[in-house]
>>> print(open('run_21.tsv').read())   # TSV, N, CA and C atoms
chain	number	residue	atom	x	y	z
Y	1	MET	N	103.52	105.47	103.41
Y	1	MET	CA	103.17	104.31	104.20
Y	1	MET	C	103.66	103.05	103.47
Y	2	SER	N	104.24	102.16	104.22
Y	2	SER	CA	104.78	100.92	103.65
Y	2	SER	C	103.70	99.84	103.60
Y	3	TYR	N	103.64	99.15	102.49
Y	3	TYR	CA	102.68	98.05	102.30
Y	3	TYR	C	103.40	96.72	102.17
Y	4	THR	N	104.45	96.55	102.95
Y	4	THR	CA	105.26	95.34	102.85
Y	4	THR	C	104.44	94.09	103.18
Y	5	GLY	N	103.65	94.13	104.22
Y	5	GLY	CA	102.84	92.98	104.60
Y	5	GLY	C	101.81	92.61	103.56
Y	6	GLU	N	101.14	93.61	103.01
Y	6	GLU	CA	100.11	93.36	102.01
Y	6	GLU	C	100.71	92.80	100.73
Y	7	ILE	N	101.84	93.38	100.31
Y	7	ILE	CA	102.52	92.91	99.10
Y	7	ILE	C	103.02	91.48	99.30
Y	8	THR	N	103.57	91.20	100.46
Y	8	THR	CA	104.05	89.86	100.76
Y	8	THR	C	102.89	88.86	100.76
Y	9	ALA	N	101.75	89.23	101.32
Y	9	ALA	CA	100.58	88.35	101.34
Y	9	ALA	C	100.08	88.06	99.94
Y	10	LEU	N	100.00	89.08	99.10
Y	10	LEU	CA	99.56	88.87	97.72
Y	10	LEU	C	100.54	88.00	96.93
Y	11	PHE	N	101.83	88.23	97.14
Y	11	PHE	CA	102.85	87.43	96.46
Y	11	PHE	C	102.79	85.98	96.93
Y	12	THR	N	102.55	85.77	98.22
Y	12	THR	CA	102.41	84.41	98.75
Y	12	THR	C	101.21	83.71	98.13
Y	13	ALA	N	100.09	84.40	98.02
Y	13	ALA	CA	98.90	83.82	97.39
Y	13	ALA	C	99.17	83.48	95.93
Y	14	PHE	N	99.89	84.35	95.24
Y	14	PHE	CA	100.25	84.08	93.84
Y	14	PHE	C	101.12	82.84	93.74
Y	15	LEU	N	102.14	82.73	94.58
Y	15	LEU	CA	103.02	81.56	94.55
Y	15	LEU	C	102.28	80.29	94.94
Y	16	TRP	N	101.36	80.39	95.90
Y	16	TRP	CA	100.57	79.22	96.32
Y	16	TRP	C	99.73	78.71	95.15
Y	17	SER	N	99.11	79.64	94.42
Y	17	SER	CA	98.31	79.26	93.25
Y	17	SER	C	99.19	78.66	92.16
Y	18	PHE	N	100.33	79.26	91.91
Y	18	PHE	CA	101.25	78.75	90.90
Y	18	PHE	C	101.72	77.34	91.27
Y	19	THR	N	102.01	77.11	92.54
Y	19	THR	CA	102.44	75.79	92.99
Y	19	THR	C	101.35	74.76	92.76
Y	20	ALA	N	100.11	75.11	93.05
Y	20	ALA	CA	99.00	74.18	92.82
Y	20	ALA	C	98.88	73.84	91.34
Y	21	LEU	N	98.99	74.83	90.48
Y	21	LEU	CA	98.93	74.59	89.04
Y	21	LEU	C	100.08	73.70	88.58
Y	22	PHE	N	101.26	73.97	89.08
Y	22	PHE	CA	102.45	73.20	88.71
Y	22	PHE	C	102.31	71.74	89.15
Y	23	PHE	N	101.92	71.51	90.40
Y	23	PHE	CA	101.80	70.14	90.90
Y	23	PHE	C	100.64	69.39	90.24
Y	24	ALA	N	99.56	70.08	89.91
Y	24	ALA	CA	98.45	69.42	89.20
Y	24	ALA	C	98.90	68.97	87.82
Y	25	SER	N	99.62	69.83	87.13
Y	25	SER	CA	100.13	69.48	85.80
Y	25	SER	C	101.12	68.33	85.87
Y	26	ALA	N	102.04	68.41	86.82
Y	26	ALA	CA	103.04	67.36	86.96
Y	26	ALA	C	102.40	66.04	87.39
Y	27	SER	N	101.35	66.10	88.20
Y	27	SER	CA	100.66	64.88	88.61
Y	27	SER	C	100.02	64.18	87.43
Y	28	ARG	N	99.50	64.96	86.51
Y	28	ARG	CA	98.88	64.36	85.32
Y	28	ARG	C	99.94	63.76	84.39
Y	29	VAL	N	101.12	64.38	84.33
Y	29	VAL	CA	102.14	63.93	83.39
Y	29	VAL	C	102.89	62.71	83.90
Y	30	ILE	N	103.42	62.78	85.12
Y	30	ILE	CA	104.26	61.66	85.60
Y	30	ILE	C	103.58	60.80	86.64
Y	31	GLY	N	102.42	61.21	87.10
Y	31	GLY	CA	101.69	60.43	88.10
Y	31	GLY	C	101.95	60.93	89.51
Y	32	VAL	N	100.96	60.74	90.34
Y	32	VAL	CA	100.99	61.24	91.71
Y	32	VAL	C	102.10	60.57	92.53
Y	33	TYR	N	102.22	59.26	92.39
Y	33	TYR	CA	103.21	58.51	93.17
Y	33	TYR	C	104.63	58.97	92.88
Y	34	TRP	N	104.98	59.08	91.59
Y	34	TRP	CA	106.35	59.47	91.25
Y	34	TRP	C	106.61	60.94	91.55
Y	35	LEU	N	105.62	61.78	91.37
Y	35	LEU	CA	105.79	63.19	91.72
Y	35	LEU	C	106.09	63.33	93.20
Y	36	ASN	N	105.36	62.61	94.02
Y	36	ASN	CA	105.57	62.69	95.46
Y	36	ASN	C	106.95	62.17	95.84
Y	37	LYS	N	107.38	61.07	95.24
Y	37	LYS	CA	108.71	60.53	95.54
Y	37	LYS	C	109.81	61.51	95.15
Y	38	ILE	N	109.72	62.08	93.97
Y	38	ILE	CA	110.74	63.03	93.50
Y	38	ILE	C	110.75	64.29	94.37
Y	39	ARG	N	109.55	64.78	94.71
Y	39	ARG	CA	109.46	65.99	95.54
Y	39	ARG	C	110.06	65.76	96.92
Y	40	ILE	N	109.78	64.61	97.52
Y	40	ILE	CA	110.34	64.30	98.84
Y	40	ILE	C	111.85	64.16	98.76
Y	41	LEU	N	112.36	63.57	97.68
Y	41	LEU	CA	113.82	63.45	97.51
Y	41	LEU	C	114.46	64.83	97.45
Y	42	PHE	N	113.91	65.72	96.62
Y	42	PHE	CA	114.46	67.07	96.53
Y	42	PHE	C	114.33	67.83	97.84
Y	43	ALA	N	113.20	67.69	98.52
Y	43	ALA	CA	113.00	68.36	99.81
Y	43	ALA	C	114.01	67.88	100.84
Y	44	THR	N	114.28	66.57	100.86
Y	44	THR	CA	115.25	66.02	101.79
Y	44	THR	C	116.64	66.57	101.52
Y	45	ILE	N	117.02	66.62	100.26
Y	45	ILE	CA	118.35	67.14	99.89
Y	45	ILE	C	118.46	68.62	100.25
Y	46	LEU	N	117.45	69.40	99.91
Y	46	LEU	CA	117.51	70.84	100.18
Y	46	LEU	C	117.47	71.14	101.68
Y	47	LEU	N	116.60	70.45	102.42
Y	47	LEU	CA	116.54	70.69	103.86
Y	47	LEU	C	117.80	70.20	104.57
Y	48	GLY	N	118.33	69.06	104.12
Y	48	GLY	CA	119.58	68.56	104.69
Y	48	GLY	C	120.74	69.51	104.42
Y	49	SER	N	120.80	70.04	103.20
Y	49	SER	CA	121.86	71.00	102.86
Y	49	SER	C	121.74	72.27	103.70
Y	50	THR	N	120.51	72.75	103.87
Y	50	THR	CA	120.30	73.94	104.69
Y	50	THR	C	120.72	73.70	106.13
Y	51	LEU	N	120.36	72.55	106.67
Y	51	LEU	CA	120.76	72.21	108.04
Y	51	LEU	C	122.27	72.08	108.16
Y	52	LEU	N	122.90	71.48	107.17
Y	52	LEU	CA	124.35	71.31	107.18
Y	52	LEU	C	125.06	72.66	107.10
Y	53	ILE	N	124.54	73.55	106.26
Y	53	ILE	CA	125.17	74.87	106.11
Y	53	ILE	C	124.97	75.73	107.36
Y	54	THR	N	123.76	75.71	107.92
Y	54	THR	CA	123.48	76.59	109.05
Y	54	THR	C	124.02	76.09	110.38
Y	55	THR	N	124.06	74.76	110.57
Y	55	THR	CA	124.52	74.24	111.86
Y	55	THR	C	125.85	73.51	111.78
Y	56	GLY	N	126.25	73.12	110.58
Y	56	GLY	CA	127.50	72.40	110.42
Y	56	GLY	C	127.37	70.90	110.63
Y	57	GLN	N	126.14	70.41	110.83
Y	57	GLN	CA	125.93	68.98	111.02
Y	57	GLN	C	124.53	68.61	110.54
Y	58	LEU	N	124.38	67.36	110.13
Y	58	LEU	CA	123.08	66.90	109.64
Y	58	LEU	C	122.13	66.58	110.77
Y	59	PHE	N	122.63	66.03	111.85
Y	59	PHE	CA	121.81	65.67	112.99
Y	59	PHE	C	122.33	66.39	114.22
Y	60	PRO	N	121.73	67.53	114.57
Y	60	PRO	CA	122.18	68.27	115.76
Y	60	PRO	C	122.12	67.40	117.01
Y	61	ASN	N	123.11	67.55	117.86
Y	61	ASN	CA	123.21	66.73	119.07
Y	61	ASN	C	122.21	67.10	120.15
Y	62	ASP	N	121.67	68.32	120.09
Y	62	ASP	CA	120.77	68.77	121.15
Y	62	ASP	C	119.37	68.16	121.05
Y	63	ALA	N	119.05	67.51	119.94
Y	63	ALA	CA	117.74	66.86	119.81
Y	63	ALA	C	117.87	65.39	120.21
Y	64	GLY	N	116.95	64.93	121.02
Y	64	GLY	CA	116.98	63.54	121.47
Y	64	GLY	C	116.43	62.59	120.41
Y	65	SER	N	116.61	61.30	120.66
Y	65	SER	CA	116.14	60.31	119.70
Y	65	SER	C	114.63	60.31	119.58
Y	66	THR	N	113.93	60.64	120.64
Y	66	THR	CA	112.47	60.72	120.58
Y	66	THR	C	112.03	61.84	119.65
Y	67	SER	N	112.75	62.95	119.68
Y	67	SER	CA	112.42	64.07	118.79
Y	67	SER	C	112.58	63.66	117.34
Y	68	TYR	N	113.63	62.90	117.04
Y	68	TYR	CA	113.84	62.44	115.67
Y	68	TYR	C	112.74	61.47	115.23
Y	69	LEU	N	112.28	60.62	116.13
Y	69	LEU	CA	111.20	59.70	115.79
Y	69	LEU	C	109.91	60.46	115.48
Y	70	TYR	N	109.60	61.49	116.29
Y	70	TYR	CA	108.42	62.30	116.03
Y	70	TYR	C	108.56	63.05	114.71
Y	71	LEU	N	109.74	63.54	114.43
Y	71	LEU	CA	109.98	64.25	113.17
Y	71	LEU	C	109.81	63.33	111.97
Y	72	ILE	N	110.33	62.11	112.06
Y	72	ILE	CA	110.19	61.14	110.98
Y	72	ILE	C	108.72	60.75	110.79
Y	73	ALA	N	108.02	60.50	111.90
Y	73	ALA	CA	106.60	60.15	111.81
Y	73	ALA	C	105.78	61.29	111.21
Y	74	SER	N	106.09	62.51	111.61
Y	74	SER	CA	105.40	63.67	111.06
Y	74	SER	C	105.66	63.80	109.56
Y	75	GLY	N	106.88	63.57	109.14
Y	75	GLY	CA	107.22	63.64	107.72
Y	75	GLY	C	106.51	62.59	106.91
Y	76	ILE	N	106.42	61.38	107.45
Y	76	ILE	CA	105.74	60.30	106.73
Y	76	ILE	C	104.25	60.61	106.61
Y	77	ILE	N	103.64	61.06	107.69
Y	77	ILE	CA	102.21	61.33	107.66
Y	77	ILE	C	101.91	62.57	106.80
Y	78	GLY	N	102.63	63.65	107.05
Y	78	GLY	CA	102.33	64.90	106.36
Y	78	GLY	C	102.82	64.95	104.94
Y	79	LEU	N	104.08	64.65	104.73
Y	79	LEU	CA	104.66	64.81	103.40
Y	79	LEU	C	104.32	63.65	102.47
Y	80	ALA	N	104.42	62.45	102.96
Y	80	ALA	CA	104.20	61.30	102.08
Y	80	ALA	C	102.71	61.03	101.87
Y	81	ILE	N	101.97	60.83	102.94
Y	81	ILE	CA	100.57	60.44	102.82
Y	81	ILE	C	99.68	61.64	102.50
Y	82	GLY	N	99.83	62.71	103.26
Y	82	GLY	CA	98.98	63.88	103.06
Y	82	GLY	C	99.13	64.50	101.69
Y	83	ASP	N	100.35	64.71	101.24
Y	83	ASP	CA	100.56	65.31	99.93
Y	83	ASP	C	100.19	64.36	98.80
Y	84	PHE	N	100.29	63.06	99.03
Y	84	PHE	CA	99.83	62.10	98.03
Y	84	PHE	C	98.34	62.31	97.76
Y	85	PHE	N	97.55	62.46	98.83
Y	85	PHE	CA	96.12	62.68	98.66
Y	85	PHE	C	95.83	64.07	98.09
Y	86	LEU	N	96.64	65.06	98.44
Y	86	LEU	CA	96.47	66.40	97.87
Y	86	LEU	C	96.69	66.37	96.37
Y	87	PHE	N	97.77	65.75	95.92
Y	87	PHE	CA	98.05	65.67	94.48
Y	87	PHE	C	97.00	64.83	93.76
Y	88	SER	N	96.52	63.77	94.42
Y	88	SER	CA	95.45	62.96	93.83
Y	88	SER	C	94.18	63.80	93.67
Y	89	GLY	N	93.91	64.65	94.64
Y	89	GLY	CA	92.75	65.54	94.55
Y	89	GLY	C	92.87	66.50	93.38
Y	90	TYR	N	94.07	67.02	93.14
Y	90	TYR	CA	94.28	67.90	92.00
Y	90	TYR	C	93.87	67.22	90.70
Y	91	VAL	N	94.21	65.95	90.58
Y	91	VAL	CA	93.93	65.22	89.35
Y	91	VAL	C	92.46	64.81	89.27
Y	92	LYS	N	91.90	64.32	90.37
Y	92	LYS	CA	90.56	63.73	90.33
Y	92	LYS	C	89.42	64.74	90.41
Y	93	ILE	N	89.54	65.76	91.26
Y	93	ILE	CA	88.42	66.70	91.42
Y	93	ILE	C	88.78	68.13	91.00
Y	94	GLY	N	90.01	68.37	90.62
Y	94	GLY	CA	90.41	69.69	90.15
Y	94	GLY	C	91.07	70.53	91.24
Y	95	ILE	N	91.75	71.55	90.78
Y	95	ILE	CA	92.53	72.39	91.69
Y	95	ILE	C	91.63	73.23	92.59
Y	96	ARG	N	90.61	73.86	92.02
Y	96	ARG	CA	89.76	74.76	92.81
Y	96	ARG	C	89.05	74.06	93.95
Y	97	LEU	N	88.44	72.93	93.65
Y	97	LEU	CA	87.71	72.21	94.70
Y	97	LEU	C	88.67	71.62	95.74
Y	98	THR	N	89.82	71.13	95.28
Y	98	THR	CA	90.80	70.59	96.21
Y	98	THR	C	91.29	71.66	97.17
Y	99	LEU	N	91.63	72.84	96.67
Y	99	LEU	CA	92.10	73.92	97.54
Y	99	LEU	C	90.99	74.45	98.45
Y	100	LEU	N	89.74	74.40	97.98
Y	100	LEU	CA	88.63	74.79	98.84
Y	100	LEU	C	88.51	73.84	100.02
Y	101	ILE	N	88.60	72.55	99.76
Y	101	ILE	CA	88.57	71.56	100.84
Y	101	ILE	C	89.81	71.69	101.72
Y	102	PHE	N	90.97	71.93	101.09
Y	102	PHE	CA	92.23	72.07	101.82
Y	102	PHE	C	92.19	73.27	102.77
Y	103	SER	N	91.43	74.30	102.41
Y	103	SER	CA	91.36	75.50	103.26
Y	103	SER	C	90.61	75.24	104.57
Y	104	THR	N	89.91	74.12	104.68
Y	104	THR	CA	89.23	73.79	105.92
Y	104	THR	C	90.13	73.03	106.90
Y	105	SER	N	91.36	72.77	106.54
Y	105	SER	CA	92.24	71.98	107.41
Y	105	SER	C	92.51	72.63	108.77
Y	106	PRO	N	92.67	73.95	108.89
Y	106	PRO	CA	92.84	74.52	110.23
Y	106	PRO	C	91.60	74.31	111.12
Y	107	ILE	N	90.43	74.38	110.51
Y	107	ILE	CA	89.20	74.16	111.28
Y	107	ILE	C	89.14	72.71	111.76
Y	108	MET	N	89.43	71.79	110.86
Y	108	MET	CA	89.41	70.37	111.22
Y	108	MET	C	90.47	70.06	112.28
Y	109	ALA	N	91.65	70.67	112.16
Y	109	ALA	CA	92.70	70.45	113.15
Y	109	ALA	C	92.27	70.95	114.53
Y	110	ALA	N	91.61	72.09	114.57
Y	110	ALA	CA	91.13	72.62	115.85
Y	110	ALA	C	90.06	71.72	116.47
Y	111	ILE	N	89.16	71.23	115.64
Y	111	ILE	CA	88.10	70.34	116.14
Y	111	ILE	C	88.69	69.04	116.66
Y	112	LEU	N	89.59	68.45	115.89
Y	112	LEU	CA	90.23	67.20	116.32
Y	112	LEU	C	91.08	67.41	117.57
Y	113	ALA	N	91.77	68.54	117.66
Y	113	ALA	CA	92.58	68.82	118.86
Y	113	ALA	C	91.70	68.98	120.09
Y	114	TYR	N	90.54	69.55	119.90
Y	114	TYR	CA	89.61	69.72	121.03
Y	114	TYR	C	89.13	68.37	121.55
Y	115	PHE	N	88.70	67.49	120.63
Y	115	PHE	CA	88.12	66.22	121.03
Y	115	PHE	C	89.16	65.16	121.36
Y	116	ILE	N	90.22	65.08	120.59
Y	116	ILE	CA	91.20	64.00	120.78
Y	116	ILE	C	92.25	64.37	121.83
Y	117	LEU	N	92.77	65.60	121.76
Y	117	LEU	CA	93.85	66.00	122.66
Y	117	LEU	C	93.38	66.76	123.87
Y	118	GLY	N	92.12	67.15	123.89
Y	118	GLY	CA	91.58	67.88	125.04
Y	118	GLY	C	92.04	69.33	125.10
Y	119	GLU	N	92.45	69.88	123.97
Y	119	GLU	CA	92.89	71.28	123.95
Y	119	GLU	C	91.68	72.19	124.01
Y	120	THR	N	91.89	73.38	124.55
Y	120	THR	CA	90.80	74.36	124.61
Y	120	THR	C	91.15	75.59	123.80
>>> encode(input="run_21.tsv", output="structure tokens")
Amino acid sequence: MSYTGEITALFTAFLWSFTALFFASASRVIGVYWLNKIRILFATILLGSTLLITTGQLFPNDAGSTSYLYLIASGIIGLAIGDFFLFSGYVKIGIRLTLLIFSTSPIMAAILAYFILGET
């Protein structure tokens, strides 16, 4: 019997924990603000390179300008602001408590979607 799913899940949990330890350490050394700026720069370069390699262009023509605005707004809110507070949490309250609070984000998203967006 193959345990590919279980092994992948355990490996993902291991990498998630390692990432939290790495970012907490880096936040203490260079500061949350600079860590976030450097991480976003590398993410932009890597994602842009991947898009360029897979599609042959940086900005695919099939996406409208509204889609790009939503993508930029999502990046600013999620990557810049959200991760800034995540890294600050690593430094101020510790990794374990931060990840415990972070694990409630799907619940909070569902509650907010129900009340704000009217989703069921």
>>> residues_around(input="run_21.tsv", residues="Y:Phe23", least_positions_apart="3", cutoff="8 Å", atoms="all atoms listed in the file", output="PyMOL selection string")
chain Y and resi 17-20+26-29+86-87+90-91
>>> residues_around(input="run_21.tsv", residues="Y:Asn36", least_positions_apart="2", cutoff="8 Å", atoms="all atoms listed in the file", output="list in words")
Ser27, Ile30, Gly31, Val32, Tyr33, Trp34, Ile38, Arg39, Ile40, Leu41, Phe42, Leu79, Ala80, Asp83, Phe84 and Phe87 of chain Y
>>> atom_distance(input="run_21.tsv", atom1="atom CA of Y:Leu99", atom2="atom CA of Y:Trp16")
10.1 Å
>>> atom_distance(input="run_21.tsv", atom1="atom C of Y:Met108", atom2="atom CA of Y:Ala73")
18.9 Å
>>> axis_aligned_box(input="run_21.tsv", around="stretch 21-28 of chain Y", padding_each_side="6 Å", output="AutoDock Vina command-line options")
--center_x 100.7 --center_y 69.3 --center_z 87.6 --size_x 16.6 --size_y 23.1 --size_z 18.5
>>> residues_near_point(input="run_21.tsv", point="(93.3, 72.8, 88.0)", cutoff="6.5 Å", atoms="all atoms listed in the file", output="PyMOL selection string")
chain Y and resi 21+24+90+94-96
>>> atom_distance(input="run_21.tsv", atom1="atom N of Y:Leu117", atom2="atom CA of Y:Thr104")
18.2 Å
>>> select_by_dssp(input="run_21.tsv", residues="chain Y", states="helix (DSSP H, G or I)", output="number ranges by chain")
Y: 4-30, 32-55, 65-92, 95-102, 105-117
>>> build_atoms(input="run_21.tsv", residues="stretch 85-96 of chain Y", atoms="all heavy atoms", output="CSV table (one decimal), in the coordinates of the input")
chain,number,residue,atom,x,y,z
Y,85,PHE,N,97.6,62.5,98.8
Y,85,PHE,CA,96.1,62.7,98.7
Y,85,PHE,C,95.8,64.1,98.1
Y,85,PHE,O,94.9,64.2,97.3
Y,85,PHE,CB,95.4,62.5,100.0
Y,85,PHE,CG,95.3,61.0,100.3
Y,85,PHE,CD1,95.9,60.5,101.5
Y,85,PHE,CD2,94.6,60.1,99.5
Y,85,PHE,CE1,95.8,59.2,101.8
Y,85,PHE,CE2,94.5,58.8,99.9
Y,85,PHE,CZ,95.1,58.3,101.0
Y,86,LEU,N,96.6,65.1,98.4
Y,86,LEU,CA,96.5,66.4,97.9
Y,86,LEU,C,96.7,66.4,96.4
Y,86,LEU,O,95.9,66.9,95.6
Y,86,LEU,CB,97.4,67.4,98.5
Y,86,LEU,CG,97.4,68.8,98.0
Y,86,LEU,CD1,96.1,69.5,98.3
Y,86,LEU,CD2,98.6,69.6,98.6
Y,87,PHE,N,97.8,65.8,95.9
Y,87,PHE,CA,98.0,65.7,94.5
Y,87,PHE,C,97.0,64.8,93.8
Y,87,PHE,O,96.6,65.1,92.6
Y,87,PHE,CB,99.4,65.1,94.2
Y,87,PHE,CG,100.6,66.0,94.8
Y,87,PHE,CD1,101.7,65.4,95.2
Y,87,PHE,CD2,100.4,67.3,95.0
Y,87,PHE,CE1,102.8,66.2,95.7
Y,87,PHE,CE2,101.4,68.1,95.5
Y,87,PHE,CZ,102.6,67.5,95.9
Y,88,SER,N,96.5,63.8,94.4
Y,88,SER,CA,95.4,63.0,93.8
Y,88,SER,C,94.2,63.8,93.7
Y,88,SER,O,93.5,63.7,92.7
Y,88,SER,CB,95.1,61.8,94.7
Y,88,SER,OG,96.2,60.9,94.8
Y,89,GLY,N,93.9,64.6,94.6
Y,89,GLY,CA,92.8,65.5,94.6
Y,89,GLY,C,92.9,66.5,93.4
Y,89,GLY,O,91.9,66.8,92.7
Y,90,TYR,N,94.1,67.0,93.1
Y,90,TYR,CA,94.3,67.9,92.0
Y,90,TYR,C,93.9,67.2,90.7
Y,90,TYR,O,93.2,67.8,89.8
Y,90,TYR,CB,95.7,68.3,91.9
Y,90,TYR,CG,96.2,69.3,92.9
Y,90,TYR,CD1,97.6,69.4,93.2
Y,90,TYR,CD2,95.4,70.2,93.6
Y,90,TYR,CE1,98.1,70.3,94.1
Y,90,TYR,CE2,95.8,71.1,94.5
Y,90,TYR,CZ,97.2,71.1,94.8
Y,90,TYR,OH,97.7,72.0,95.7
Y,91,VAL,N,94.2,66.0,90.6
Y,91,VAL,CA,93.9,65.2,89.4
Y,91,VAL,C,92.5,64.8,89.3
Y,91,VAL,O,91.8,65.0,88.2
Y,91,VAL,CB,94.8,64.0,89.2
Y,91,VAL,CG1,94.5,63.1,88.0
Y,91,VAL,CG2,96.3,64.4,89.1
Y,92,LYS,N,91.9,64.3,90.4
Y,92,LYS,CA,90.6,63.7,90.3
Y,92,LYS,C,89.4,64.7,90.4
Y,92,LYS,O,88.4,64.6,89.7
Y,92,LYS,CB,90.4,62.7,91.5
Y,92,LYS,CG,91.3,61.5,91.2
Y,92,LYS,CD,91.1,60.5,92.3
Y,92,LYS,CE,92.2,59.5,92.1
Y,92,LYS,NZ,91.9,58.1,92.2
Y,93,ILE,N,89.5,65.8,91.3
Y,93,ILE,CA,88.4,66.7,91.4
Y,93,ILE,C,88.8,68.1,91.0
Y,93,ILE,O,87.9,69.0,91.1
Y,93,ILE,CB,87.9,66.7,92.9
Y,93,ILE,CG1,88.9,67.2,93.9
Y,93,ILE,CG2,87.3,65.3,93.2
Y,93,ILE,CD1,88.3,67.3,95.3
Y,94,GLY,N,90.0,68.4,90.6
Y,94,GLY,CA,90.4,69.7,90.2
Y,94,GLY,C,91.1,70.5,91.2
Y,94,GLY,O,90.9,70.2,92.4
Y,95,ILE,N,91.8,71.6,90.8
Y,95,ILE,CA,92.5,72.4,91.7
Y,95,ILE,C,91.6,73.2,92.6
Y,95,ILE,O,91.8,73.3,93.8
Y,95,ILE,CB,93.5,73.3,90.9
Y,95,ILE,CG1,94.5,72.5,90.1
Y,95,ILE,CG2,94.2,74.3,91.8
Y,95,ILE,CD1,95.3,73.3,89.1
Y,96,ARG,N,90.6,73.9,92.0
Y,96,ARG,CA,89.8,74.8,92.8
Y,96,ARG,C,89.0,74.1,94.0
Y,96,ARG,O,89.1,74.5,95.1
Y,96,ARG,CB,88.7,75.5,91.9
Y,96,ARG,CG,89.4,76.6,91.1
Y,96,ARG,CD,88.3,77.4,90.4
Y,96,ARG,NE,88.2,76.8,89.1
Y,96,ARG,CZ,87.2,77.1,88.2
Y,96,ARG,NH1,86.4,78.0,88.5
Y,96,ARG,NH2,87.2,76.6,87.0
